[in-house]
Amino acid sequence: MALIFLLSAQPDLNSGLGAWDTLLRKLAHMAEYGLLWWLWLRALGPRATLPAAVITLAYAATDEWHQSFVHGRSGRPADWLIDAAGVAIAIAIVAIRARYSQPRSVA
């Protein structure tokens, strides 16, 4: 969370790659918030999917608010939705892995 805060405090992180820059930054946001959710899940326990998501998405909201005070950055609800999509994808990956890692009974 400290790393996210530090990166969010950087003014204008544009690499100059145009649309690729935007796409790569959005994908990075999805990955970092998916990872943050997973870390919270590990800290809180395997049955804490919802609490981990609430903590992660609350932090994403505060991160967007924080960015609204940084020169060259903006905090937008659409960016929060991108972060939320990263959390949703991470939840799906964990659920799919759990389903396929359970021993199957032969009937």
# chains A, B, ... in the order shown; residues from 1 in each chain; ligands from 1
>>> residues_around(residues="Ala84 in chain A", least_positions_apart="4", cutoff="12 Å", atoms="only C-alpha atoms", output="PDB file with N, CA and C atoms, in the first residue's frame")
ATOM      1  N   LYS A  26      -3.199   1.194 -17.120  1.00  0.00           N
ATOM      2  CA  LYS A  26      -4.463   0.639 -16.626  1.00  0.00           C
ATOM      3  C   LYS A  26      -4.301  -0.840 -16.280  1.00  0.00           C
ATOM      4  N   LEU A  27      -3.583  -1.580 -17.122  1.00  0.00           N
ATOM      5  CA  LEU A  27      -3.313  -2.989 -16.822  1.00  0.00           C
ATOM      6  C   LEU A  27      -2.477  -3.135 -15.557  1.00  0.00           C
ATOM      7  N   HIS A  29      -2.493  -1.047 -13.031  1.00  0.00           N
ATOM      8  CA  HIS A  29      -3.408  -0.771 -11.923  1.00  0.00           C
ATOM      9  C   HIS A  29      -4.241  -2.001 -11.598  1.00  0.00           C
ATOM     10  N   MET A  30      -4.748  -2.668 -12.611  1.00  0.00           N
ATOM     11  CA  MET A  30      -5.539  -3.876 -12.376  1.00  0.00           C
ATOM     12  C   MET A  30      -4.693  -4.933 -11.666  1.00  0.00           C
ATOM     13  N   ALA A  31      -3.475  -5.104 -12.120  1.00  0.00           N
ATOM     14  CA  ALA A  31      -2.594  -6.108 -11.523  1.00  0.00           C
ATOM     15  C   ALA A  31      -2.238  -5.742 -10.087  1.00  0.00           C
ATOM     16  N   GLU A  32      -1.924  -4.492  -9.829  1.00  0.00           N
ATOM     17  CA  GLU A  32      -1.506  -4.123  -8.474  1.00  0.00           C
ATOM     18  C   GLU A  32      -2.658  -4.231  -7.478  1.00  0.00           C
ATOM     19  N   TYR A  33      -3.868  -3.893  -7.894  1.00  0.00           N
ATOM     20  CA  TYR A  33      -4.989  -4.023  -6.969  1.00  0.00           C
ATOM     21  C   TYR A  33      -5.448  -5.467  -6.837  1.00  0.00           C
ATOM     22  N   GLY A  34      -5.288  -6.265  -7.878  1.00  0.00           N
ATOM     23  CA  GLY A  34      -5.537  -7.702  -7.749  1.00  0.00           C
ATOM     24  C   GLY A  34      -4.547  -8.324  -6.780  1.00  0.00           C
ATOM     25  N   LEU A  35      -3.284  -7.938  -6.878  1.00  0.00           N
ATOM     26  CA  LEU A  35      -2.260  -8.431  -5.964  1.00  0.00           C
ATOM     27  C   LEU A  35      -2.529  -7.947  -4.543  1.00  0.00           C
ATOM     28  N   LEU A  36      -2.926  -6.690  -4.391  1.00  0.00           N
ATOM     29  CA  LEU A  36      -3.224  -6.171  -3.056  1.00  0.00           C
ATOM     30  C   LEU A  36      -4.376  -6.960  -2.420  1.00  0.00           C
ATOM     31  N   TRP A  37      -5.412  -7.251  -3.210  1.00  0.00           N
ATOM     32  CA  TRP A  37      -6.519  -8.068  -2.688  1.00  0.00           C
ATOM     33  C   TRP A  37      -6.001  -9.423  -2.230  1.00  0.00           C
ATOM     34  N   ALA A  53     -11.662  -7.703  -0.209  1.00  0.00           N
ATOM     35  CA  ALA A  53     -12.112  -6.853  -1.320  1.00  0.00           C
ATOM     36  C   ALA A  53     -12.538  -5.479  -0.826  1.00  0.00           C
ATOM     37  N   VAL A  54     -13.243  -5.432   0.298  1.00  0.00           N
ATOM     38  CA  VAL A  54     -13.688  -4.139   0.846  1.00  0.00           C
ATOM     39  C   VAL A  54     -12.487  -3.280   1.212  1.00  0.00           C
ATOM     40  N   ILE A  55     -11.510  -3.864   1.892  1.00  0.00           N
ATOM     41  CA  ILE A  55     -10.307  -3.110   2.265  1.00  0.00           C
ATOM     42  C   ILE A  55      -9.587  -2.613   1.017  1.00  0.00           C
ATOM     43  N   THR A  56      -9.410  -3.484   0.048  1.00  0.00           N
ATOM     44  CA  THR A  56      -8.688  -3.122  -1.173  1.00  0.00           C
ATOM     45  C   THR A  56      -9.405  -2.022  -1.945  1.00  0.00           C
ATOM     46  N   LEU A  57     -10.713  -2.151  -2.096  1.00  0.00           N
ATOM     47  CA  LEU A  57     -11.454  -1.150  -2.868  1.00  0.00           C
ATOM     48  C   LEU A  57     -11.588   0.166  -2.114  1.00  0.00           C
ATOM     49  N   ALA A  58     -11.624   0.104  -0.788  1.00  0.00           N
ATOM     50  CA  ALA A  58     -11.612   1.344  -0.006  1.00  0.00           C
ATOM     51  C   ALA A  58     -10.279   2.051  -0.191  1.00  0.00           C
ATOM     52  N   TYR A  59      -9.204   1.275  -0.200  1.00  0.00           N
ATOM     53  CA  TYR A  59      -7.890   1.887  -0.434  1.00  0.00           C
ATOM     54  C   TYR A  59      -7.801   2.454  -1.845  1.00  0.00           C
ATOM     55  N   ALA A  60      -8.367   1.760  -2.813  1.00  0.00           N
ATOM     56  CA  ALA A  60      -8.376   2.272  -4.191  1.00  0.00           C
ATOM     57  C   ALA A  60      -9.102   3.611  -4.261  1.00  0.00           C
ATOM     58  N   ALA A  61     -10.202   3.739  -3.515  1.00  0.00           N
ATOM     59  CA  ALA A  61     -10.945   5.008  -3.494  1.00  0.00           C
ATOM     60  C   ALA A  61     -10.096   6.115  -2.877  1.00  0.00           C
ATOM     61  N   PRO A  77     -13.578   8.274 -10.969  1.00  0.00           N
ATOM     62  CA  PRO A  77     -14.330   7.047 -10.656  1.00  0.00           C
ATOM     63  C   PRO A  77     -14.052   5.923 -11.659  1.00  0.00           C
ATOM     64  N   ALA A  78     -13.811   6.261 -12.908  1.00  0.00           N
ATOM     65  CA  ALA A  78     -13.517   5.229 -13.910  1.00  0.00           C
ATOM     66  C   ALA A  78     -12.234   4.481 -13.561  1.00  0.00           C
ATOM     67  N   ASP A  79     -11.266   5.179 -12.991  1.00  0.00           N
ATOM     68  CA  ASP A  79     -10.030   4.511 -12.583  1.00  0.00           C
ATOM     69  C   ASP A  79     -10.283   3.564 -11.410  1.00  0.00           C
ATOM     70  N   TRP A  80     -11.184   3.951 -10.508  1.00  0.00           N
ATOM     71  CA  TRP A  80     -11.551   3.061  -9.406  1.00  0.00           C
ATOM     72  C   TRP A  80     -12.204   1.797  -9.969  1.00  0.00           C
ATOM     73  N   ALA A  88     -11.730  -8.128  -9.123  1.00  0.00           N
ATOM     74  CA  ALA A  88     -12.669  -9.153  -9.592  1.00  0.00           C
ATOM     75  C   ALA A  88     -11.939 -10.260 -10.351  1.00  0.00           C
ATOM     76  N   ILE A  89     -10.990  -9.894 -11.167  1.00  0.00           N
ATOM     77  CA  ILE A  89     -10.220 -10.901 -11.913  1.00  0.00           C
ATOM     78  C   ILE A  89      -9.409 -11.760 -10.955  1.00  0.00           C
ATOM     79  N   ALA A  90      -8.807 -11.138  -9.950  1.00  0.00           N
ATOM     80  CA  ALA A  90      -8.028 -11.897  -8.970  1.00  0.00           C
ATOM     81  C   ALA A  90      -8.927 -12.863  -8.196  1.00  0.00           C
ATOM     82  N   ILE A  91     -10.118 -12.397  -7.814  1.00  0.00           N
ATOM     83  CA  ILE A  91     -11.059 -13.271  -7.114  1.00  0.00           C
ATOM     84  C   ILE A  91     -11.427 -14.465  -8.001  1.00  0.00           C
TER      85      ILE A  91
END
>>> residues_around(residues="Arg73 in chain A", least_positions_apart="2", cutoff="12 Å", atoms="only C-alpha atoms", output="PyMOL selection string")
chain A and resi 7-14+63-71+75-76+79
>>> write_last_selection(atoms="C-alpha atoms", output="mmCIF file, in the first residue's frame")
data_model
loop_
_atom_site.group_PDB
_atom_site.id
_atom_site.type_symbol
_atom_site.label_atom_id
_atom_site.label_comp_id
_atom_site.auth_asym_id
_atom_site.auth_seq_id
_atom_site.Cartn_x
_atom_site.Cartn_y
_atom_site.Cartn_z
ATOM 1 C CA LEU A 7 3.700 5.949 -7.072
ATOM 2 C CA SER A 8 0.444 7.895 -6.844
ATOM 3 C CA ALA A 9 2.335 10.875 -5.459
ATOM 4 C CA GLN A 10 4.490 11.106 -8.596
ATOM 5 C CA PRO A 11 3.389 13.933 -10.892
ATOM 6 C CA ASP A 12 2.605 12.928 -14.466
ATOM 7 C CA LEU A 13 3.972 9.422 -15.012
ATOM 8 C CA ASN A 14 3.387 9.583 -18.779
ATOM 9 C CA ASP A 63 -5.807 6.462 -3.756
ATOM 10 C CA GLU A 64 -7.969 8.141 -6.400
ATOM 11 C CA TRP A 65 -8.775 10.921 -3.927
ATOM 12 C CA HIS A 66 -5.049 11.279 -3.157
ATOM 13 C CA GLN A 67 -4.228 11.547 -6.865
ATOM 14 C CA SER A 68 -6.670 14.440 -7.219
ATOM 15 C CA PHE A 69 -4.228 16.532 -5.143
ATOM 16 C CA VAL A 70 -1.122 15.620 -7.180
ATOM 17 C CA HIS A 71 -0.105 17.937 -10.020
ATOM 18 C CA GLY A 75 -8.668 10.885 -9.424
ATOM 19 C CA ARG A 76 -11.549 9.496 -11.461
ATOM 20 C CA ASP A 79 -10.030 4.511 -12.583
#
>>> select_by_dssp(residues="chain A", states="alpha helix (DSSP H)", output="PDB file with N, CA and C atoms, in the first residue's frame")
ATOM      1  N   ALA A   2       2.016   1.166   0.693  1.00  0.00           N
ATOM      2  CA  ALA A   2       2.941   2.298   0.706  1.00  0.00           C
ATOM      3  C   ALA A   2       3.519   2.532  -0.691  1.00  0.00           C
ATOM      4  N   LEU A   3       3.801   1.455  -1.413  1.00  0.00           N
ATOM      5  CA  LEU A   3       4.326   1.595  -2.771  1.00  0.00           C
ATOM      6  C   LEU A   3       3.287   2.244  -3.688  1.00  0.00           C
ATOM      7  N   ILE A   4       2.029   1.840  -3.561  1.00  0.00           N
ATOM      8  CA  ILE A   4       0.968   2.456  -4.359  1.00  0.00           C
ATOM      9  C   ILE A   4       0.880   3.939  -4.036  1.00  0.00           C
ATOM     10  N   PHE A   5       0.927   4.276  -2.740  1.00  0.00           N
ATOM     11  CA  PHE A   5       0.868   5.677  -2.331  1.00  0.00           C
ATOM     12  C   PHE A   5       2.035   6.464  -2.925  1.00  0.00           C
ATOM     13  N   LEU A   6       3.229   5.895  -2.855  1.00  0.00           N
ATOM     14  CA  LEU A   6       4.420   6.561  -3.388  1.00  0.00           C
ATOM     15  C   LEU A   6       4.301   6.803  -4.888  1.00  0.00           C
ATOM     16  N   LEU A   7       3.864   5.792  -5.622  1.00  0.00           N
ATOM     17  CA  LEU A   7       3.700   5.949  -7.072  1.00  0.00           C
ATOM     18  C   LEU A   7       2.593   6.941  -7.408  1.00  0.00           C
ATOM     19  N   SER A   8       1.543   6.963  -6.600  1.00  0.00           N
ATOM     20  CA  SER A   8       0.444   7.895  -6.844  1.00  0.00           C
ATOM     21  C   SER A   8       0.845   9.340  -6.571  1.00  0.00           C
ATOM     22  N   ALA A  19      -1.307   5.861 -26.666  1.00  0.00           N
ATOM     23  CA  ALA A  19      -2.355   4.935 -26.222  1.00  0.00           C
ATOM     24  C   ALA A  19      -1.764   3.728 -25.494  1.00  0.00           C
ATOM     25  N   TRP A  20      -0.580   3.286 -25.887  1.00  0.00           N
ATOM     26  CA  TRP A  20       0.064   2.159 -25.210  1.00  0.00           C
ATOM     27  C   TRP A  20       0.358   2.505 -23.760  1.00  0.00           C
ATOM     28  N   ASP A  21       0.767   3.749 -23.516  1.00  0.00           N
ATOM     29  CA  ASP A  21       1.046   4.192 -22.153  1.00  0.00           C
ATOM     30  C   ASP A  21      -0.206   4.058 -21.299  1.00  0.00           C
ATOM     31  N   THR A  22      -1.319   4.537 -21.817  1.00  0.00           N
ATOM     32  CA  THR A  22      -2.584   4.474 -21.080  1.00  0.00           C
ATOM     33  C   THR A  22      -2.979   3.027 -20.825  1.00  0.00           C
ATOM     34  N   LEU A  23      -2.925   2.194 -21.851  1.00  0.00           N
ATOM     35  CA  LEU A  23      -3.299   0.792 -21.709  1.00  0.00           C
ATOM     36  C   LEU A  23      -2.414   0.078 -20.689  1.00  0.00           C
ATOM     37  N   LEU A  24      -1.115   0.275 -20.788  1.00  0.00           N
ATOM     38  CA  LEU A  24      -0.193  -0.399 -19.877  1.00  0.00           C
ATOM     39  C   LEU A  24      -0.374   0.077 -18.439  1.00  0.00           C
ATOM     40  N   ARG A  25      -0.635   1.359 -18.246  1.00  0.00           N
ATOM     41  CA  ARG A  25      -0.864   1.872 -16.894  1.00  0.00           C
ATOM     42  C   ARG A  25      -2.155   1.301 -16.306  1.00  0.00           C
ATOM     43  N   LYS A  26      -3.199   1.194 -17.120  1.00  0.00           N
ATOM     44  CA  LYS A  26      -4.463   0.639 -16.626  1.00  0.00           C
ATOM     45  C   LYS A  26      -4.301  -0.840 -16.280  1.00  0.00           C
ATOM     46  N   LEU A  27      -3.583  -1.580 -17.122  1.00  0.00           N
ATOM     47  CA  LEU A  27      -3.313  -2.989 -16.822  1.00  0.00           C
ATOM     48  C   LEU A  27      -2.477  -3.135 -15.557  1.00  0.00           C
ATOM     49  N   ALA A  28      -1.520  -2.239 -15.361  1.00  0.00           N
ATOM     50  CA  ALA A  28      -0.700  -2.262 -14.151  1.00  0.00           C
ATOM     51  C   ALA A  28      -1.561  -1.988 -12.922  1.00  0.00           C
ATOM     52  N   HIS A  29      -2.493  -1.047 -13.031  1.00  0.00           N
ATOM     53  CA  HIS A  29      -3.408  -0.771 -11.923  1.00  0.00           C
ATOM     54  C   HIS A  29      -4.241  -2.001 -11.598  1.00  0.00           C
ATOM     55  N   MET A  30      -4.748  -2.668 -12.611  1.00  0.00           N
ATOM     56  CA  MET A  30      -5.539  -3.876 -12.376  1.00  0.00           C
ATOM     57  C   MET A  30      -4.693  -4.933 -11.666  1.00  0.00           C
ATOM     58  N   ALA A  31      -3.475  -5.104 -12.120  1.00  0.00           N
ATOM     59  CA  ALA A  31      -2.594  -6.108 -11.523  1.00  0.00           C
ATOM     60  C   ALA A  31      -2.238  -5.742 -10.087  1.00  0.00           C
ATOM     61  N   GLU A  32      -1.924  -4.492  -9.829  1.00  0.00           N
ATOM     62  CA  GLU A  32      -1.506  -4.123  -8.474  1.00  0.00           C
ATOM     63  C   GLU A  32      -2.658  -4.231  -7.478  1.00  0.00           C
ATOM     64  N   TYR A  33      -3.868  -3.893  -7.894  1.00  0.00           N
ATOM     65  CA  TYR A  33      -4.989  -4.023  -6.969  1.00  0.00           C
ATOM     66  C   TYR A  33      -5.448  -5.467  -6.837  1.00  0.00           C
ATOM     67  N   GLY A  34      -5.288  -6.265  -7.878  1.00  0.00           N
ATOM     68  CA  GLY A  34      -5.537  -7.702  -7.749  1.00  0.00           C
ATOM     69  C   GLY A  34      -4.547  -8.324  -6.780  1.00  0.00           C
ATOM     70  N   LEU A  35      -3.284  -7.938  -6.878  1.00  0.00           N
ATOM     71  CA  LEU A  35      -2.260  -8.431  -5.964  1.00  0.00           C
ATOM     72  C   LEU A  35      -2.529  -7.947  -4.543  1.00  0.00           C
ATOM     73  N   LEU A  36      -2.926  -6.690  -4.391  1.00  0.00           N
ATOM     74  CA  LEU A  36      -3.224  -6.171  -3.056  1.00  0.00           C
ATOM     75  C   LEU A  36      -4.376  -6.960  -2.420  1.00  0.00           C
ATOM     76  N   TRP A  37      -5.412  -7.251  -3.210  1.00  0.00           N
ATOM     77  CA  TRP A  37      -6.519  -8.068  -2.688  1.00  0.00           C
ATOM     78  C   TRP A  37      -6.001  -9.423  -2.230  1.00  0.00           C
ATOM     79  N   TRP A  38      -5.170 -10.058  -3.040  1.00  0.00           N
ATOM     80  CA  TRP A  38      -4.636 -11.377  -2.713  1.00  0.00           C
ATOM     81  C   TRP A  38      -3.796 -11.330  -1.430  1.00  0.00           C
ATOM     82  N   LEU A  39      -3.000 -10.264  -1.274  1.00  0.00           N
ATOM     83  CA  LEU A  39      -2.203 -10.130  -0.059  1.00  0.00           C
ATOM     84  C   LEU A  39      -3.098  -9.970   1.174  1.00  0.00           C
ATOM     85  N   TRP A  40      -4.175  -9.179   1.033  1.00  0.00           N
ATOM     86  CA  TRP A  40      -5.120  -9.053   2.142  1.00  0.00           C
ATOM     87  C   TRP A  40      -5.805 -10.386   2.421  1.00  0.00           C
ATOM     88  N   LEU A  41      -6.149 -11.127   1.398  1.00  0.00           N
ATOM     89  CA  LEU A  41      -6.764 -12.439   1.580  1.00  0.00           C
ATOM     90  C   LEU A  41      -5.828 -13.351   2.352  1.00  0.00           C
ATOM     91  N   ARG A  42      -4.569 -13.339   1.994  1.00  0.00           N
ATOM     92  CA  ARG A  42      -3.580 -14.166   2.700  1.00  0.00           C
ATOM     93  C   ARG A  42      -3.438 -13.738   4.153  1.00  0.00           C
ATOM     94  N   ALA A  43      -3.501 -12.429   4.390  1.00  0.00           N
ATOM     95  CA  ALA A  43      -3.359 -11.928   5.758  1.00  0.00           C
ATOM     96  C   ALA A  43      -4.585 -12.237   6.618  1.00  0.00           C
ATOM     97  N   LEU A  44      -5.764 -12.167   6.021  1.00  0.00           N
ATOM     98  CA  LEU A  44      -7.007 -12.322   6.774  1.00  0.00           C
ATOM     99  C   LEU A  44      -7.513 -13.757   6.836  1.00  0.00           C
ATOM    100  N   THR A  49     -12.699 -13.416   1.598  1.00  0.00           N
ATOM    101  CA  THR A  49     -12.749 -12.832   0.261  1.00  0.00           C
ATOM    102  C   THR A  49     -13.392 -11.452   0.269  1.00  0.00           C
ATOM    103  N   LEU A  50     -14.551 -11.342   0.881  1.00  0.00           N
ATOM    104  CA  LEU A  50     -15.255 -10.057   0.895  1.00  0.00           C
ATOM    105  C   LEU A  50     -14.542  -8.998   1.729  1.00  0.00           C
ATOM    106  N   PRO A  51     -14.118  -9.298   2.976  1.00  0.00           N
ATOM    107  CA  PRO A  51     -13.390  -8.266   3.725  1.00  0.00           C
ATOM    108  C   PRO A  51     -12.122  -7.797   3.008  1.00  0.00           C
ATOM    109  N   ALA A  52     -11.396  -8.716   2.371  1.00  0.00           N
ATOM    110  CA  ALA A  52     -10.196  -8.336   1.632  1.00  0.00           C
ATOM    111  C   ALA A  52     -10.556  -7.414   0.469  1.00  0.00           C
ATOM    112  N   ALA A  53     -11.662  -7.703  -0.209  1.00  0.00           N
ATOM    113  CA  ALA A  53     -12.112  -6.853  -1.320  1.00  0.00           C
ATOM    114  C   ALA A  53     -12.538  -5.479  -0.826  1.00  0.00           C
ATOM    115  N   VAL A  54     -13.243  -5.432   0.298  1.00  0.00           N
ATOM    116  CA  VAL A  54     -13.688  -4.139   0.846  1.00  0.00           C
ATOM    117  C   VAL A  54     -12.487  -3.280   1.212  1.00  0.00           C
ATOM    118  N   ILE A  55     -11.510  -3.864   1.892  1.00  0.00           N
ATOM    119  CA  ILE A  55     -10.307  -3.110   2.265  1.00  0.00           C
ATOM    120  C   ILE A  55      -9.587  -2.613   1.017  1.00  0.00           C
ATOM    121  N   THR A  56      -9.410  -3.484   0.048  1.00  0.00           N
ATOM    122  CA  THR A  56      -8.688  -3.122  -1.173  1.00  0.00           C
ATOM    123  C   THR A  56      -9.405  -2.022  -1.945  1.00  0.00           C
ATOM    124  N   LEU A  57     -10.713  -2.151  -2.096  1.00  0.00           N
ATOM    125  CA  LEU A  57     -11.454  -1.150  -2.868  1.00  0.00           C
ATOM    126  C   LEU A  57     -11.588   0.166  -2.114  1.00  0.00           C
ATOM    127  N   ALA A  58     -11.624   0.104  -0.788  1.00  0.00           N
ATOM    128  CA  ALA A  58     -11.612   1.344  -0.006  1.00  0.00           C
ATOM    129  C   ALA A  58     -10.279   2.051  -0.191  1.00  0.00           C
ATOM    130  N   TYR A  59      -9.204   1.275  -0.200  1.00  0.00           N
ATOM    131  CA  TYR A  59      -7.890   1.887  -0.434  1.00  0.00           C
ATOM    132  C   TYR A  59      -7.801   2.454  -1.845  1.00  0.00           C
ATOM    133  N   ALA A  60      -8.367   1.760  -2.813  1.00  0.00           N
ATOM    134  CA  ALA A  60      -8.376   2.272  -4.191  1.00  0.00           C
ATOM    135  C   ALA A  60      -9.102   3.611  -4.261  1.00  0.00           C
ATOM    136  N   ALA A  61     -10.202   3.739  -3.515  1.00  0.00           N
ATOM    137  CA  ALA A  61     -10.945   5.008  -3.494  1.00  0.00           C
ATOM    138  C   ALA A  61     -10.096   6.115  -2.877  1.00  0.00           C
ATOM    139  N   THR A  62      -9.408   5.808  -1.775  1.00  0.00           N
ATOM    140  CA  THR A  62      -8.566   6.836  -1.160  1.00  0.00           C
ATOM    141  C   THR A  62      -7.378   7.181  -2.052  1.00  0.00           C
ATOM    142  N   ASP A  63      -6.901   6.202  -2.815  1.00  0.00           N
ATOM    143  CA  ASP A  63      -5.807   6.462  -3.756  1.00  0.00           C
ATOM    144  C   ASP A  63      -6.252   7.418  -4.858  1.00  0.00           C
ATOM    145  N   GLU A  64      -7.452   7.217  -5.378  1.00  0.00           N
ATOM    146  CA  GLU A  64      -7.969   8.141  -6.400  1.00  0.00           C
ATOM    147  C   GLU A  64      -8.140   9.540  -5.822  1.00  0.00           C
ATOM    148  N   TRP A  65      -8.623   9.623  -4.590  1.00  0.00           N
ATOM    149  CA  TRP A  65      -8.775  10.921  -3.927  1.00  0.00           C
ATOM    150  C   TRP A  65      -7.405  11.568  -3.752  1.00  0.00           C
ATOM    151  N   HIS A  66      -6.415  10.785  -3.317  1.00  0.00           N
ATOM    152  CA  HIS A  66      -5.049  11.279  -3.157  1.00  0.00           C
ATOM    153  C   HIS A  66      -4.511  11.831  -4.473  1.00  0.00           C
ATOM    154  N   GLN A  67      -4.734  11.107  -5.568  1.00  0.00           N
ATOM    155  CA  GLN A  67      -4.228  11.547  -6.865  1.00  0.00           C
ATOM    156  C   GLN A  67      -4.841  12.869  -7.306  1.00  0.00           C
ATOM    157  N   PRO A  77     -13.578   8.274 -10.969  1.00  0.00           N
ATOM    158  CA  PRO A  77     -14.330   7.047 -10.656  1.00  0.00           C
ATOM    159  C   PRO A  77     -14.052   5.923 -11.659  1.00  0.00           C
ATOM    160  N   ALA A  78     -13.811   6.261 -12.908  1.00  0.00           N
ATOM    161  CA  ALA A  78     -13.517   5.229 -13.910  1.00  0.00           C
ATOM    162  C   ALA A  78     -12.234   4.481 -13.561  1.00  0.00           C
ATOM    163  N   ASP A  79     -11.266   5.179 -12.991  1.00  0.00           N
ATOM    164  CA  ASP A  79     -10.030   4.511 -12.583  1.00  0.00           C
ATOM    165  C   ASP A  79     -10.283   3.564 -11.410  1.00  0.00           C
ATOM    166  N   TRP A  80     -11.184   3.951 -10.508  1.00  0.00           N
ATOM    167  CA  TRP A  80     -11.551   3.061  -9.406  1.00  0.00           C
ATOM    168  C   TRP A  80     -12.204   1.797  -9.969  1.00  0.00           C
ATOM    169  N   LEU A  81     -13.019   1.956 -10.997  1.00  0.00           N
ATOM    170  CA  LEU A  81     -13.657   0.785 -11.612  1.00  0.00           C
ATOM    171  C   LEU A  81     -12.616  -0.139 -12.241  1.00  0.00           C
ATOM    172  N   ILE A  82     -11.571   0.424 -12.795  1.00  0.00           N
ATOM    173  CA  ILE A  82     -10.484  -0.390 -13.356  1.00  0.00           C
ATOM    174  C   ILE A  82      -9.790  -1.159 -12.239  1.00  0.00           C
ATOM    175  N   ASP A  83      -9.549  -0.485 -11.113  1.00  0.00           N
ATOM    176  CA  ASP A  83      -8.964  -1.160  -9.950  1.00  0.00           C
ATOM    177  C   ASP A  83      -9.884  -2.286  -9.479  1.00  0.00           C
ATOM    178  N   ALA A  84     -11.189  -2.018  -9.448  1.00  0.00           N
ATOM    179  CA  ALA A  84     -12.171  -3.019  -9.030  1.00  0.00           C
ATOM    180  C   ALA A  84     -12.182  -4.202  -9.993  1.00  0.00           C
ATOM    181  N   ALA A  85     -11.997  -3.945 -11.265  1.00  0.00           N
ATOM    182  CA  ALA A  85     -11.924  -5.035 -12.238  1.00  0.00           C
ATOM    183  C   ALA A  85     -10.720  -5.928 -11.947  1.00  0.00           C
ATOM    184  N   GLY A  86      -9.609  -5.334 -11.545  1.00  0.00           N
ATOM    185  CA  GLY A  86      -8.431  -6.119 -11.168  1.00  0.00           C
ATOM    186  C   GLY A  86      -8.715  -7.015  -9.977  1.00  0.00           C
ATOM    187  N   VAL A  87      -9.449  -6.485  -9.002  1.00  0.00           N
ATOM    188  CA  VAL A  87      -9.837  -7.282  -7.838  1.00  0.00           C
ATOM    189  C   VAL A  87     -10.758  -8.419  -8.273  1.00  0.00           C
ATOM    190  N   ALA A  88     -11.730  -8.128  -9.123  1.00  0.00           N
ATOM    191  CA  ALA A  88     -12.669  -9.153  -9.592  1.00  0.00           C
ATOM    192  C   ALA A  88     -11.939 -10.260 -10.351  1.00  0.00           C
ATOM    193  N   ILE A  89     -10.990  -9.894 -11.167  1.00  0.00           N
ATOM    194  CA  ILE A  89     -10.220 -10.901 -11.913  1.00  0.00           C
ATOM    195  C   ILE A  89      -9.409 -11.760 -10.955  1.00  0.00           C
ATOM    196  N   ALA A  90      -8.807 -11.138  -9.950  1.00  0.00           N
ATOM    197  CA  ALA A  90      -8.028 -11.897  -8.970  1.00  0.00           C
ATOM    198  C   ALA A  90      -8.927 -12.863  -8.196  1.00  0.00           C
ATOM    199  N   ILE A  91     -10.118 -12.397  -7.814  1.00  0.00           N
ATOM    200  CA  ILE A  91     -11.059 -13.271  -7.114  1.00  0.00           C
ATOM    201  C   ILE A  91     -11.427 -14.465  -8.001  1.00  0.00           C
ATOM    202  N   ALA A  92     -11.683 -14.207  -9.269  1.00  0.00           N
ATOM    203  CA  ALA A  92     -12.030 -15.278 -10.201  1.00  0.00           C
ATOM    204  C   ALA A  92     -10.884 -16.278 -10.358  1.00  0.00           C
ATOM    205  N   ILE A  93      -9.674 -15.781 -10.460  1.00  0.00           N
ATOM    206  CA  ILE A  93      -8.514 -16.670 -10.605  1.00  0.00           C
ATOM    207  C   ILE A  93      -8.367 -17.561  -9.381  1.00  0.00           C
ATOM    208  N   VAL A  94      -8.491 -16.969  -8.190  1.00  0.00           N
ATOM    209  CA  VAL A  94      -8.369 -17.754  -6.957  1.00  0.00           C
ATOM    210  C   VAL A  94      -9.496 -18.786  -6.871  1.00  0.00           C
ATOM    211  N   ALA A  95     -10.710 -18.401  -7.220  1.00  0.00           N
ATOM    212  CA  ALA A  95     -11.846 -19.331  -7.170  1.00  0.00           C
ATOM    213  C   ALA A  95     -11.672 -20.476  -8.156  1.00  0.00           C
ATOM    214  N   ILE A  96     -11.218 -20.171  -9.356  1.00  0.00           N
ATOM    215  CA  ILE A  96     -11.007 -21.209 -10.370  1.00  0.00           C
ATOM    216  C   ILE A  96      -9.903 -22.162  -9.935  1.00  0.00           C
ATOM    217  N   ARG A  97      -8.825 -21.597  -9.404  1.00  0.00           N
ATOM    218  CA  ARG A  97      -7.721 -22.460  -8.934  1.00  0.00           C
ATOM    219  C   ARG A  97      -8.181 -23.354  -7.800  1.00  0.00           C
ATOM    220  N   ALA A  98      -8.982 -22.804  -6.896  1.00  0.00           N
ATOM    221  CA  ALA A  98      -9.471 -23.603  -5.769  1.00  0.00           C
ATOM    222  C   ALA A  98     -10.376 -24.732  -6.254  1.00  0.00           C
ATOM    223  N   ARG A  99     -11.189 -24.422  -7.232  1.00  0.00           N
ATOM    224  CA  ARG A  99     -12.114 -25.442  -7.755  1.00  0.00           C
ATOM    225  C   ARG A  99     -11.365 -26.595  -8.416  1.00  0.00           C
ATOM    226  N   TYR A 100     -10.346 -26.264  -9.197  1.00  0.00           N
ATOM    227  CA  TYR A 100      -9.636 -27.311  -9.927  1.00  0.00           C
ATOM    228  C   TYR A 100      -8.547 -27.980  -9.115  1.00  0.00           C
ATOM    229  N   SER A 101      -8.215 -27.438  -7.939  1.00  0.00           N
ATOM    230  CA  SER A 101      -7.189 -28.079  -7.116  1.00  0.00           C
ATOM    231  C   SER A 101      -7.785 -29.037  -6.091  1.00  0.00           C
TER     232      SER A 101
END
